[in-house]
Amino acid sequence: MNEKKNVKTLKIPFLGDLAVSFGRTVLGIVLGLITGGILIAFSGVNPFLAYGSLLRGAFGSMQALSNVLVRASPLLLGGVGVALGIKAGVWNIGMEGYMYLGAIGASIVGVMDLGLPPVVHIFLCFICAAIFSAAWGLIPGYLRAYKGVNEVTSTIMMSYIAIYLTNWVVSNVPFVAEVGSFYPMSKKFVSSALLPILMKGTSLHPGPFIAIVLCLVFHFILNYTPFGYRTKMLGANPHAARYAGVDSRKQIMIIIMIGAVIGGFSGAVESMGLKRRLFMEFVTGVGYESVAVALLAGGNPLGVIAAALFFAALKAGGATMSIETGVISSMNSIIIALCMLFVIGVGVVDGRRMKKIVDNSKDDEDDQEKAEASVAKEGK
Amino acid sequence: MVEIIIDWLQAALRWAAPLLIVSIGEVYAERSGVINMGIEGIMLFGALAGIAVGFYMKSLLMAVIITILIGALLGLIVAFLTVSRRTNQVVTGLMVNMACLGATDALFSLMSETRQSRVATFPALFPQSMHNIPVLGPLFFSQPVSTWVAFILPFIAGFILYKTRWGLNVRAVGDNPKAAATAGLSVIKIKYQTVVLSGIFAALGGCVLTLAEVGYFSAGGMAAGRGFIVMAACVVGGWDPIRTAFICLAFGAADAAQLRFQTANSVIPYQFLQMLPYIITIVALAIMVKRSIVPKTWGAAYDPKDV
């Protein structure tokens, strides 16, 4: 309530709003970190020591920094995929599923020695990843756009199906699965299908940089192209968009499929750059984390870069923290979730912008009928 | 053959029980306009609470009571965020799930001694002698108390929703909060009540999942999307407690079938059988969604000043 008063007292029209929304985000993050610290203290570790080791683990050395970048790669790509959906008013939150499908696509081409030069082979892997994940995204996209099935549930269900599909691929499909391995995994990628390591002694692959470029590209697309304009219009006011002649169904389906392809790239990058194989359940929790990233960024692709790097630093540092101080390893996902809960809890006004989550096409008809009825009444 | 079918049906009833219990709370919450997406995570907490209390206190009653308290607390958090702070319900739910997933994993790693030992599970309601009655014995009389409760609850819930004043209030709040507020109802209060209720039932469902079906807790999200399946069941069942219960029963049957097929040597790889409940959920949504009558303010935040 107090903040509401503050908003009114800050009379500077544009900068004031920006400062308030930025301030709220920072306040939310700080509150989340404090609560996380209290939880760490409860688990019997000095929170200051723990956070100190978190900072060291994230920024202490070149090794640590490259680790942050590597961890940022799936968050960046997943985040921009979800953010694109948020801009169009759809919750495309099945990033985990798209990642699995992309990785399956990449691994089918990647494990085969085709005698191709690396550039061509890598390109082929990405194409295959895109095809697989686009096909996966087509299902919830079509259902949402043409059948009115809420995409929140369907994308999550698709993610679970993708997990089992991956398990099947890495344990049963003859030319992909490694025979007699201790854990279900695919064969090793052929060296021409692997992304190069950029820095000796680290696992830094070009993935995060590709992802940052993609974020910039989508920033440009959203803000400077007719496609981006249609997308944003659909998210801001579906009625107006439909009135202005936007084919909202097609647009929604395309947006979900683009998100799926980005997710597929993310999975391909993870498997070709970092894991070098396709493992059973090789991504866990990225679906939720991508939503957190996109949300912290407010659906803005440029914001995704900052948000993803922040969470990646939290994750990389969190891993060091749990090794050095014995804090439980799932603490960093708790802290991320707490930060986001505080951020959304503190910012009431922002909630309104994104409150539409239901397909209201049915309500529209109702509204139209009502409008027509009221017009008829007035006519009489 | 008959034995296999009876065995499958018996398992279907058992596996449907947690879904049924969770669905009751969720139907109320969604009828009042709030989608509590946090039920997946709250189920995890209930599941852990059931096992942990059952293990340390050796009392099923205490396990249920503490599960209810935890569920109410988590429901209160969701209610505070979605109703009072008017946050986006999808986001709130997902973040609550993420926090609960991390927190239950963390707590479970501290309670490693509960890992192996099986705790006392819910007892069967009827005496042992009745279990041997053909067909009916294994199907109904051998079921634990939780299954019986789960199958009676939807009817009570339906009665309360359609025949009592409070049920009418819940429906009014979901369909037209402004009119409800004008009529003197406290919209906020009723939404709080239903969301806390959904938290309690979600936790109880998780408790039943571990104490009556699985028998142990496993890290990494053992609810396996059951919360989301219940949400789908609410949509498919048109937010009616009894119809939703039937949908949940169908999902339970799919779950039981995939477990049965896995042990039998079937031609289909077992991973595809594991997908079955999720595929059925999507197919059911695609077929049924047009027929459901959505509560008018489903998923929208209610602002008392927004007149």
# chains A, B, ... in the order shown; residues from 1 in each chain; ligands from 1
$ residues_around --residues "B:Gly75" --least-positions-apart "5" --cutoff "8 Å" --atoms "only C-alpha atoms" --output "tab-separated table (two decimals) with C-alpha atoms, in the first residue's frame"
chain	number	residue	atom	x	y	z
B	195	VAL	CA	-7.24	-21.04	-2.15
B	196	VAL	CA	-6.27	-22.14	1.36
B	197	LEU	CA	-8.66	-25.07	0.89
B	198	SER	CA	-6.95	-25.98	-2.37
B	199	GLY	CA	-3.59	-25.86	-0.58
B	200	ILE	CA	-4.87	-28.17	2.15
$ closest_atom_pairs --of "chain B" --to "chain A" --cutoff "9 Å" --atoms "only C-alpha atoms" --output "tab-separated table"
residue	atom	partner	partner_atom	distance
B:Phe80	CA	A:Gly345	CA	8.8
B:Leu81	CA	A:Gly345	CA	5.9
B:Thr82	CA	A:Gly345	CA	8.5
B:Arg85	CA	A:Val348	CA	5.9
B:Arg86	CA	A:Val348	CA	6.3
B:Thr87	CA	A:Gly351	CA	5.1
B:Asn88	CA	A:Lys355	CA	5.6
B:Gln89	CA	A:Lys355	CA	7.9
B:Val90	CA	A:Ile357	CA	7.7
B:Val91	CA	A:Val291	CA	7.7
B:Thr92	CA	A:Leu341	CA	6.6
B:Leu94	CA	A:Tyr288	CA	6.7
B:Met95	CA	A:Ala337	CA	5.2
B:Val96	CA	A:Ala337	CA	7.0
B:Asn97	CA	A:Ala337	CA	8.5
B:Met98	CA	A:Ala337	CA	5.9
B:Ala99	CA	A:Ile334	CA	4.7
B:Cys100	CA	A:Ile334	CA	7.7
B:Leu101	CA	A:Ile334	CA	8.1
B:Gly102	CA	A:Ser330	CA	5.1
B:Ala103	CA	A:Ile334	CA	6.4
B:Asp105	CA	A:Ser330	CA	6.8
B:Ala106	CA	A:Ile328	CA	5.9
B:Leu107	CA	A:Ile328	CA	8.8
B:Ser109	CA	A:Ile328	CA	7.9
B:Leu110	CA	A:Ile328	CA	8.8
B:Gly220	CA	A:Thr284	CA	8.8
B:Ala224	CA	A:Tyr160	CA	8.1
B:Gly225	CA	A:Met157	CA	7.6
B:Phe228	CA	A:Thr153	CA	6.3
B:Ile229	CA	A:Thr153	CA	7.8
B:Met231	CA	A:Thr153	CA	7.6
B:Ala232	CA	A:Thr153	CA	6.6
B:Pro269	CA	A:Trp168	CA	7.5
B:Tyr270	CA	A:Trp168	CA	8.3
B:Gln271	CA	A:Tyr164	CA	5.3
B:Phe272	CA	A:Tyr164	CA	7.0
B:Gln274	CA	A:Tyr164	CA	6.9
B:Met275	CA	A:Ile161	CA	5.2
B:Leu276	CA	A:Ile161	CA	8.4
B:Tyr278	CA	A:Met157	CA	5.4
B:Ile279	CA	A:Ile161	CA	7.3
B:Thr281	CA	A:Met157	CA	7.6
B:Ile282	CA	A:Ser154	CA	6.0
B:Leu285	CA	A:Val149	CA	6.4
B:Ala286	CA	A:Val149	CA	6.1
B:Ile287	CA	A:Lys147	CA	8.5
B:Val289	CA	A:Val149	CA	6.4
B:Lys290	CA	A:Gly148	CA	7.3
B:Lys296	CA	A:Asp363	CA	8.1
B:Trp298	CA	A:Val358	CA	7.4
B:Gly299	CA	A:Ile357	CA	6.7
B:Ala300	CA	A:Lys355	CA	6.0
B:Ala301	CA	A:Lys355	CA	6.8
$ write_last_selection --atoms "C-alpha atoms" --output "PDB file, in the first residue's frame"
ATOM      1  CA  PHE B  80      -1.683 -13.644  -0.362  1.00  0.00           C
ATOM      2  CA  LEU B  81       0.234 -13.290  -3.627  1.00  0.00           C
ATOM      3  CA  THR B  82      -2.570 -13.914  -6.092  1.00  0.00           C
ATOM      4  CA  ARG B  85      -0.977  -8.674  -4.271  1.00  0.00           C
ATOM      5  CA  ARG B  86      -2.843  -9.559  -7.493  1.00  0.00           C
ATOM      6  CA  THR B  87       0.172 -11.252  -9.036  1.00  0.00           C
ATOM      7  CA  ASN B  88      -0.102 -13.299 -12.182  1.00  0.00           C
ATOM      8  CA  GLN B  89      -1.492 -16.672 -11.183  1.00  0.00           C
ATOM      9  CA  VAL B  90       0.519 -18.747 -13.650  1.00  0.00           C
ATOM     10  CA  VAL B  91       3.791 -17.159 -12.616  1.00  0.00           C
ATOM     11  CA  THR B  92       3.023 -17.376  -8.923  1.00  0.00           C
ATOM     12  CA  LEU B  94       5.232 -21.902 -11.246  1.00  0.00           C
ATOM     13  CA  MET B  95       7.530 -20.107  -8.817  1.00  0.00           C
ATOM     14  CA  VAL B  96       5.830 -21.725  -5.818  1.00  0.00           C
ATOM     15  CA  ASN B  97       6.362 -25.075  -7.537  1.00  0.00           C
ATOM     16  CA  MET B  98      10.020 -24.283  -8.112  1.00  0.00           C
ATOM     17  CA  ALA B  99      10.523 -23.222  -4.499  1.00  0.00           C
ATOM     18  CA  CYS B 100       8.673 -26.293  -3.185  1.00  0.00           C
ATOM     19  CA  LEU B 101      10.640 -28.634  -5.451  1.00  0.00           C
ATOM     20  CA  GLY B 102      13.917 -27.202  -4.193  1.00  0.00           C
ATOM     21  CA  ALA B 103      12.779 -27.067  -0.584  1.00  0.00           C
ATOM     22  CA  ASP B 105      14.675 -31.936  -2.050  1.00  0.00           C
ATOM     23  CA  ALA B 106      16.703 -29.975   0.490  1.00  0.00           C
ATOM     24  CA  LEU B 107      14.633 -31.138   3.477  1.00  0.00           C
ATOM     25  CA  SER B 109      18.423 -34.747   2.008  1.00  0.00           C
ATOM     26  CA  LEU B 110      18.500 -33.767   5.691  1.00  0.00           C
ATOM     27  CA  GLY B 220      13.351 -34.641  -7.944  1.00  0.00           C
ATOM     28  CA  ALA B 224       5.496 -36.051 -11.686  1.00  0.00           C
ATOM     29  CA  GLY B 225       3.060 -33.515 -13.054  1.00  0.00           C
ATOM     30  CA  PHE B 228      -0.917 -30.180 -13.651  1.00  0.00           C
ATOM     31  CA  ILE B 229      -2.948 -33.247 -14.629  1.00  0.00           C
ATOM     32  CA  MET B 231      -5.655 -28.783 -13.415  1.00  0.00           C
ATOM     33  CA  ALA B 232      -6.372 -30.307 -16.808  1.00  0.00           C
ATOM     34  CA  PRO B 269       8.684 -49.849 -25.114  1.00  0.00           C
ATOM     35  CA  TYR B 270       7.795 -48.935 -21.538  1.00  0.00           C
ATOM     36  CA  GLN B 271       8.786 -45.289 -22.063  1.00  0.00           C
ATOM     37  CA  PHE B 272       5.807 -44.892 -24.357  1.00  0.00           C
ATOM     38  CA  GLN B 274       4.932 -43.876 -19.204  1.00  0.00           C
ATOM     39  CA  MET B 275       3.828 -41.103 -21.557  1.00  0.00           C
ATOM     40  CA  LEU B 276       0.271 -42.422 -21.526  1.00  0.00           C
ATOM     41  CA  TYR B 278       0.228 -37.098 -20.237  1.00  0.00           C
ATOM     42  CA  ILE B 279      -0.890 -37.928 -23.773  1.00  0.00           C
ATOM     43  CA  THR B 281      -4.427 -35.398 -20.707  1.00  0.00           C
ATOM     44  CA  ILE B 282      -3.622 -33.470 -23.882  1.00  0.00           C
ATOM     45  CA  LEU B 285      -8.134 -31.276 -23.259  1.00  0.00           C
ATOM     46  CA  ALA B 286      -8.272 -31.025 -27.037  1.00  0.00           C
ATOM     47  CA  ILE B 287     -11.563 -32.887 -27.259  1.00  0.00           C
ATOM     48  CA  VAL B 289     -12.200 -27.918 -23.853  1.00  0.00           C
ATOM     49  CA  LYS B 290     -14.880 -26.336 -26.027  1.00  0.00           C
ATOM     50  CA  LYS B 296     -16.158 -15.945 -15.858  1.00  0.00           C
ATOM     51  CA  TRP B 298     -11.020 -17.541 -14.303  1.00  0.00           C
ATOM     52  CA  GLY B 299      -7.396 -16.530 -13.850  1.00  0.00           C
ATOM     53  CA  ALA B 300      -8.047 -12.796 -13.655  1.00  0.00           C
ATOM     54  CA  ALA B 301      -6.989 -10.726 -10.691  1.00  0.00           C
TER      55      ALA B 301
END
$ select_by_dssp --residues "stretch 69-290 of chain A" --states "helix (DSSP H, G or I)" --output "ChimeraX atom specification"
/A:69-88,95-110,118-147,151-172,191-193,207-224,226-236,238-243,248-275,286-290
$ write_last_selection --atoms "C-alpha atoms" --output "compact mmCIF listing (two decimals), in the first residue's frame"
# COMPACT_ATOMS: atom_id res chain seq x y z
CA LEU A 69 28.56 -17.93 -19.18
CA VAL A 70 28.17 -21.64 -19.87
CA ARG A 71 25.33 -21.86 -17.38
CA ALA A 72 23.76 -18.75 -18.87
CA SER A 73 23.41 -20.33 -22.31
CA PRO A 74 20.23 -22.39 -21.71
CA LEU A 75 18.74 -19.63 -19.53
CA LEU A 76 19.34 -17.01 -22.23
CA LEU A 77 17.77 -19.09 -24.98
CA GLY A 78 14.96 -20.42 -22.81
CA GLY A 79 14.35 -16.96 -21.41
CA VAL A 80 14.06 -15.31 -24.80
CA GLY A 81 11.73 -18.08 -25.97
CA VAL A 82 9.40 -17.55 -23.02
CA ALA A 83 9.76 -13.76 -23.28
CA LEU A 84 8.61 -13.81 -26.88
CA GLY A 85 5.51 -15.69 -25.77
CA ILE A 86 4.87 -13.23 -22.95
CA LYS A 87 5.00 -10.36 -25.46
CA ALA A 88 2.31 -12.10 -27.50
CA MET A 95 11.17 -25.09 -22.73
CA GLU A 96 12.39 -28.33 -21.20
CA GLY A 97 10.49 -30.36 -23.75
CA TYR A 98 11.77 -28.28 -26.66
CA MET A 99 15.32 -28.64 -25.35
CA TYR A 100 15.00 -32.42 -25.26
CA LEU A 101 13.61 -32.54 -28.77
CA GLY A 102 16.30 -30.22 -30.09
CA ALA A 103 18.97 -32.36 -28.47
CA ILE A 104 17.43 -35.50 -29.95
CA GLY A 105 17.46 -33.88 -33.38
CA ALA A 106 21.06 -32.76 -32.99
CA SER A 107 22.20 -36.12 -31.70
CA ILE A 108 20.65 -38.11 -34.54
CA VAL A 109 22.81 -36.19 -37.01
CA GLY A 110 25.64 -35.55 -34.58
CA PRO A 118 32.63 -29.04 -38.95
CA VAL A 119 30.76 -25.93 -40.08
CA VAL A 120 28.43 -27.90 -42.32
CA HIS A 121 27.94 -30.68 -39.80
CA ILE A 122 27.13 -28.25 -36.97
CA PHE A 123 24.76 -26.40 -39.26
CA LEU A 124 23.07 -29.68 -40.17
CA CYS A 125 22.68 -30.50 -36.46
CA PHE A 126 21.02 -27.16 -35.81
CA ILE A 127 18.67 -27.62 -38.77
CA CYS A 128 17.67 -31.03 -37.50
CA ALA A 129 17.20 -29.66 -33.98
CA ALA A 130 15.00 -26.90 -35.35
CA ILE A 131 12.84 -29.35 -37.31
CA PHE A 132 12.34 -31.65 -34.33
CA SER A 133 11.54 -28.92 -31.84
CA ALA A 134 9.31 -27.05 -34.30
CA ALA A 135 7.31 -30.22 -34.80
CA TRP A 136 7.04 -30.52 -31.01
CA GLY A 137 5.94 -26.91 -30.67
CA LEU A 138 3.40 -27.35 -33.44
CA ILE A 139 1.22 -29.52 -31.20
CA PRO A 140 0.59 -27.07 -28.31
CA GLY A 141 0.71 -24.20 -30.81
CA TYR A 142 -2.03 -25.67 -32.96
CA LEU A 143 -4.10 -26.70 -29.96
CA ARG A 144 -3.83 -23.24 -28.43
CA ALA A 145 -4.48 -21.32 -31.61
CA TYR A 146 -7.21 -23.36 -33.23
CA LYS A 147 -8.71 -25.49 -30.45
CA GLU A 151 -1.06 -23.67 -23.48
CA VAL A 152 0.12 -23.67 -19.86
CA THR A 153 -1.04 -27.23 -19.23
CA SER A 154 -0.37 -28.58 -22.69
CA THR A 155 3.23 -27.35 -22.89
CA ILE A 156 3.99 -28.81 -19.45
CA MET A 157 2.46 -32.14 -20.49
CA MET A 158 4.54 -32.04 -23.68
CA SER A 159 7.66 -31.58 -21.55
CA TYR A 160 6.90 -34.73 -19.56
CA ILE A 161 6.28 -36.65 -22.79
CA ALA A 162 9.59 -35.34 -24.16
CA ILE A 163 11.45 -36.65 -21.10
CA TYR A 164 10.18 -40.18 -21.72
CA LEU A 165 10.80 -39.87 -25.45
CA THR A 166 14.42 -38.95 -24.73
CA ASN A 167 14.73 -41.88 -22.36
CA TRP A 168 13.54 -44.13 -25.14
CA VAL A 169 15.88 -42.63 -27.71
CA VAL A 170 18.99 -42.93 -25.55
CA SER A 171 18.24 -46.44 -24.39
CA ASN A 172 16.53 -48.15 -27.32
CA SER A 191 34.18 -34.37 -33.37
CA SER A 192 33.03 -32.45 -36.43
CA ALA A 193 29.63 -31.95 -34.78
CA GLY A 207 26.60 -21.07 -27.04
CA PRO A 208 26.16 -18.08 -24.69
CA PHE A 209 27.40 -15.68 -27.37
CA ILE A 210 25.07 -17.16 -29.99
CA ALA A 211 22.30 -16.76 -27.42
CA ILE A 212 23.14 -13.11 -26.72
CA VAL A 213 23.14 -12.39 -30.45
CA LEU A 214 19.73 -14.08 -30.71
CA CYS A 215 18.45 -11.89 -27.87
CA LEU A 216 19.60 -8.80 -29.77
CA VAL A 217 18.03 -10.11 -32.98
CA PHE A 218 14.70 -10.64 -31.25
CA HIS A 219 14.93 -7.21 -29.65
CA PHE A 220 15.26 -5.82 -33.16
CA ILE A 221 12.46 -8.01 -34.55
CA LEU A 222 10.07 -7.08 -31.76
CA ASN A 223 10.68 -3.37 -31.98
CA TYR A 224 11.41 -2.62 -35.61
CA PRO A 226 5.81 -5.46 -38.69
CA PHE A 227 5.96 -9.00 -37.32
CA GLY A 228 7.16 -7.71 -33.96
CA TYR A 229 4.53 -5.01 -33.97
CA ARG A 230 1.77 -7.55 -34.61
CA THR A 231 3.16 -9.71 -31.81
CA LYS A 232 3.24 -6.93 -29.27
CA MET A 233 -0.20 -5.72 -30.30
CA LEU A 234 -1.59 -9.21 -29.78
CA GLY A 235 -0.12 -9.31 -26.30
CA ALA A 236 -1.18 -5.81 -25.34
CA PRO A 238 -5.96 -9.05 -28.51
CA HIS A 239 -9.26 -7.40 -29.39
CA ALA A 240 -7.56 -4.41 -30.98
CA ALA A 241 -5.14 -6.68 -32.81
CA ARG A 242 -7.97 -8.74 -34.23
CA TYR A 243 -9.80 -5.56 -35.17
CA SER A 248 -4.20 -13.83 -34.18
CA ARG A 249 -4.39 -17.61 -34.47
CA LYS A 250 -1.61 -17.85 -37.01
CA GLN A 251 0.45 -15.35 -35.05
CA ILE A 252 0.06 -17.32 -31.80
CA MET A 253 1.00 -20.56 -33.51
CA ILE A 254 4.08 -18.99 -35.11
CA ILE A 255 5.15 -17.45 -31.80
CA ILE A 256 4.87 -20.76 -29.97
CA MET A 257 6.79 -22.51 -32.73
CA ILE A 258 9.54 -19.88 -32.75
CA GLY A 259 9.83 -20.32 -28.99
CA ALA A 260 10.06 -24.06 -29.57
CA VAL A 261 12.83 -23.67 -32.14
CA ILE A 262 14.80 -21.41 -29.80
CA GLY A 263 14.34 -24.03 -27.08
CA GLY A 264 15.50 -26.68 -29.54
CA PHE A 265 18.65 -24.66 -30.30
CA SER A 266 19.23 -24.42 -26.59
CA GLY A 267 19.08 -28.19 -26.23
CA ALA A 268 21.32 -28.66 -29.26
CA VAL A 269 23.88 -26.20 -27.88
CA GLU A 270 23.87 -27.94 -24.51
CA SER A 271 24.46 -31.35 -26.05
CA MET A 272 26.95 -30.25 -28.74
CA GLY A 273 28.88 -27.77 -26.64
CA LEU A 274 28.82 -29.01 -23.08
CA LYS A 275 27.64 -32.59 -22.61
CA VAL A 286 15.37 -25.23 -16.91
CA GLY A 287 11.69 -24.91 -17.76
CA TYR A 288 10.93 -23.10 -14.50
CA GLU A 289 14.15 -21.11 -14.62
CA SER A 290 13.42 -19.85 -18.14
$ atom_distance --atom1 "atom CA of B:Ala52" --atom2 "atom CA of B:Glu213"
15.5 Å
$ closest_residue --among "B:Ile68, B:Ile242, B:Ile4, B:Ala17" --to "B:Gly158" --atoms "only C-alpha atoms"
B:Ile242
$ residues_around --residues "B:Ile42" --least-positions-apart "2" --cutoff "7 Å" --atoms "only C-alpha atoms" --output "PDB file with N, CA and C atoms, in the first residue's frame"
ATOM      1  N   GLY B  38       0.121 -23.728  -7.941  1.00  0.00           N
ATOM      2  CA  GLY B  38       1.138 -24.224  -7.020  1.00  0.00           C
ATOM      3  C   GLY B  38       0.834 -25.604  -6.476  1.00  0.00           C
ATOM      4  N   ILE B  39      -0.288 -26.216  -6.877  1.00  0.00           N
ATOM      5  CA  ILE B  39      -0.663 -27.496  -6.265  1.00  0.00           C
ATOM      6  C   ILE B  39       0.373 -28.585  -6.501  1.00  0.00           C
ATOM      7  N   GLU B  40       1.073 -28.497  -7.635  1.00  0.00           N
ATOM      8  CA  GLU B  40       2.113 -29.497  -7.899  1.00  0.00           C
ATOM      9  C   GLU B  40       3.165 -29.462  -6.783  1.00  0.00           C
ATOM     10  N   LEU B  44       4.061 -31.983  -3.356  1.00  0.00           N
ATOM     11  CA  LEU B  44       5.377 -32.481  -2.952  1.00  0.00           C
ATOM     12  C   LEU B  44       5.580 -32.295  -1.450  1.00  0.00           C
ATOM     13  N   PHE B  45       5.196 -31.103  -0.958  1.00  0.00           N
ATOM     14  CA  PHE B  45       5.360 -30.842   0.460  1.00  0.00           C
ATOM     15  C   PHE B  45       4.498 -31.786   1.296  1.00  0.00           C
ATOM     16  N   GLY B  46       3.263 -32.011   0.835  1.00  0.00           N
ATOM     17  CA  GLY B  46       2.391 -32.934   1.544  1.00  0.00           C
ATOM     18  C   GLY B  46       2.971 -34.335   1.561  1.00  0.00           C
ATOM     19  N   GLY B  71      -0.155 -27.537   4.248  1.00  0.00           N
ATOM     20  CA  GLY B  71      -0.932 -27.185   3.060  1.00  0.00           C
ATOM     21  C   GLY B  71      -1.629 -25.853   3.226  1.00  0.00           C
ATOM     22  N   LEU B  74       0.968 -23.019   2.901  1.00  0.00           N
ATOM     23  CA  LEU B  74       1.369 -22.764   1.511  1.00  0.00           C
ATOM     24  C   LEU B  74       0.211 -22.159   0.714  1.00  0.00           C
ATOM     25  N   CYS B 100       9.040 -25.075  -3.921  1.00  0.00           N
ATOM     26  CA  CYS B 100       8.673 -26.293  -3.185  1.00  0.00           C
ATOM     27  C   CYS B 100       9.539 -27.464  -3.624  1.00  0.00           C
ATOM     28  N   GLY B 199      -4.899 -25.497  -1.118  1.00  0.00           N
ATOM     29  CA  GLY B 199      -3.594 -25.863  -0.582  1.00  0.00           C
ATOM     30  C   GLY B 199      -3.690 -27.068   0.331  1.00  0.00           C
ATOM     31  N   ALA B 202      -4.398 -30.188  -1.702  1.00  0.00           N
ATOM     32  CA  ALA B 202      -3.224 -30.590  -2.492  1.00  0.00           C
ATOM     33  C   ALA B 202      -2.212 -31.301  -1.602  1.00  0.00           C
ATOM     34  N   ALA B 203      -1.983 -30.741  -0.398  1.00  0.00           N
ATOM     35  CA  ALA B 203      -1.031 -31.372   0.515  1.00  0.00           C
ATOM     36  C   ALA B 203      -1.533 -32.749   0.929  1.00  0.00           C
TER      37      ALA B 203
END
$ atom_distance --atom1 "atom CA of A:Pro196" --atom2 "atom CA of A:Ser66"
14.0 Å
$ closest_residue --among "B:Val22, B:Ala16, B:Leu76, B:Ala253" --to "B:Lys189" --atoms "only C-alpha atoms"
B:Leu76
$ atom_distance --atom1 "atom CA of B:Ile77" --atom2 "atom CA of A:Gly36"
16.5 Å
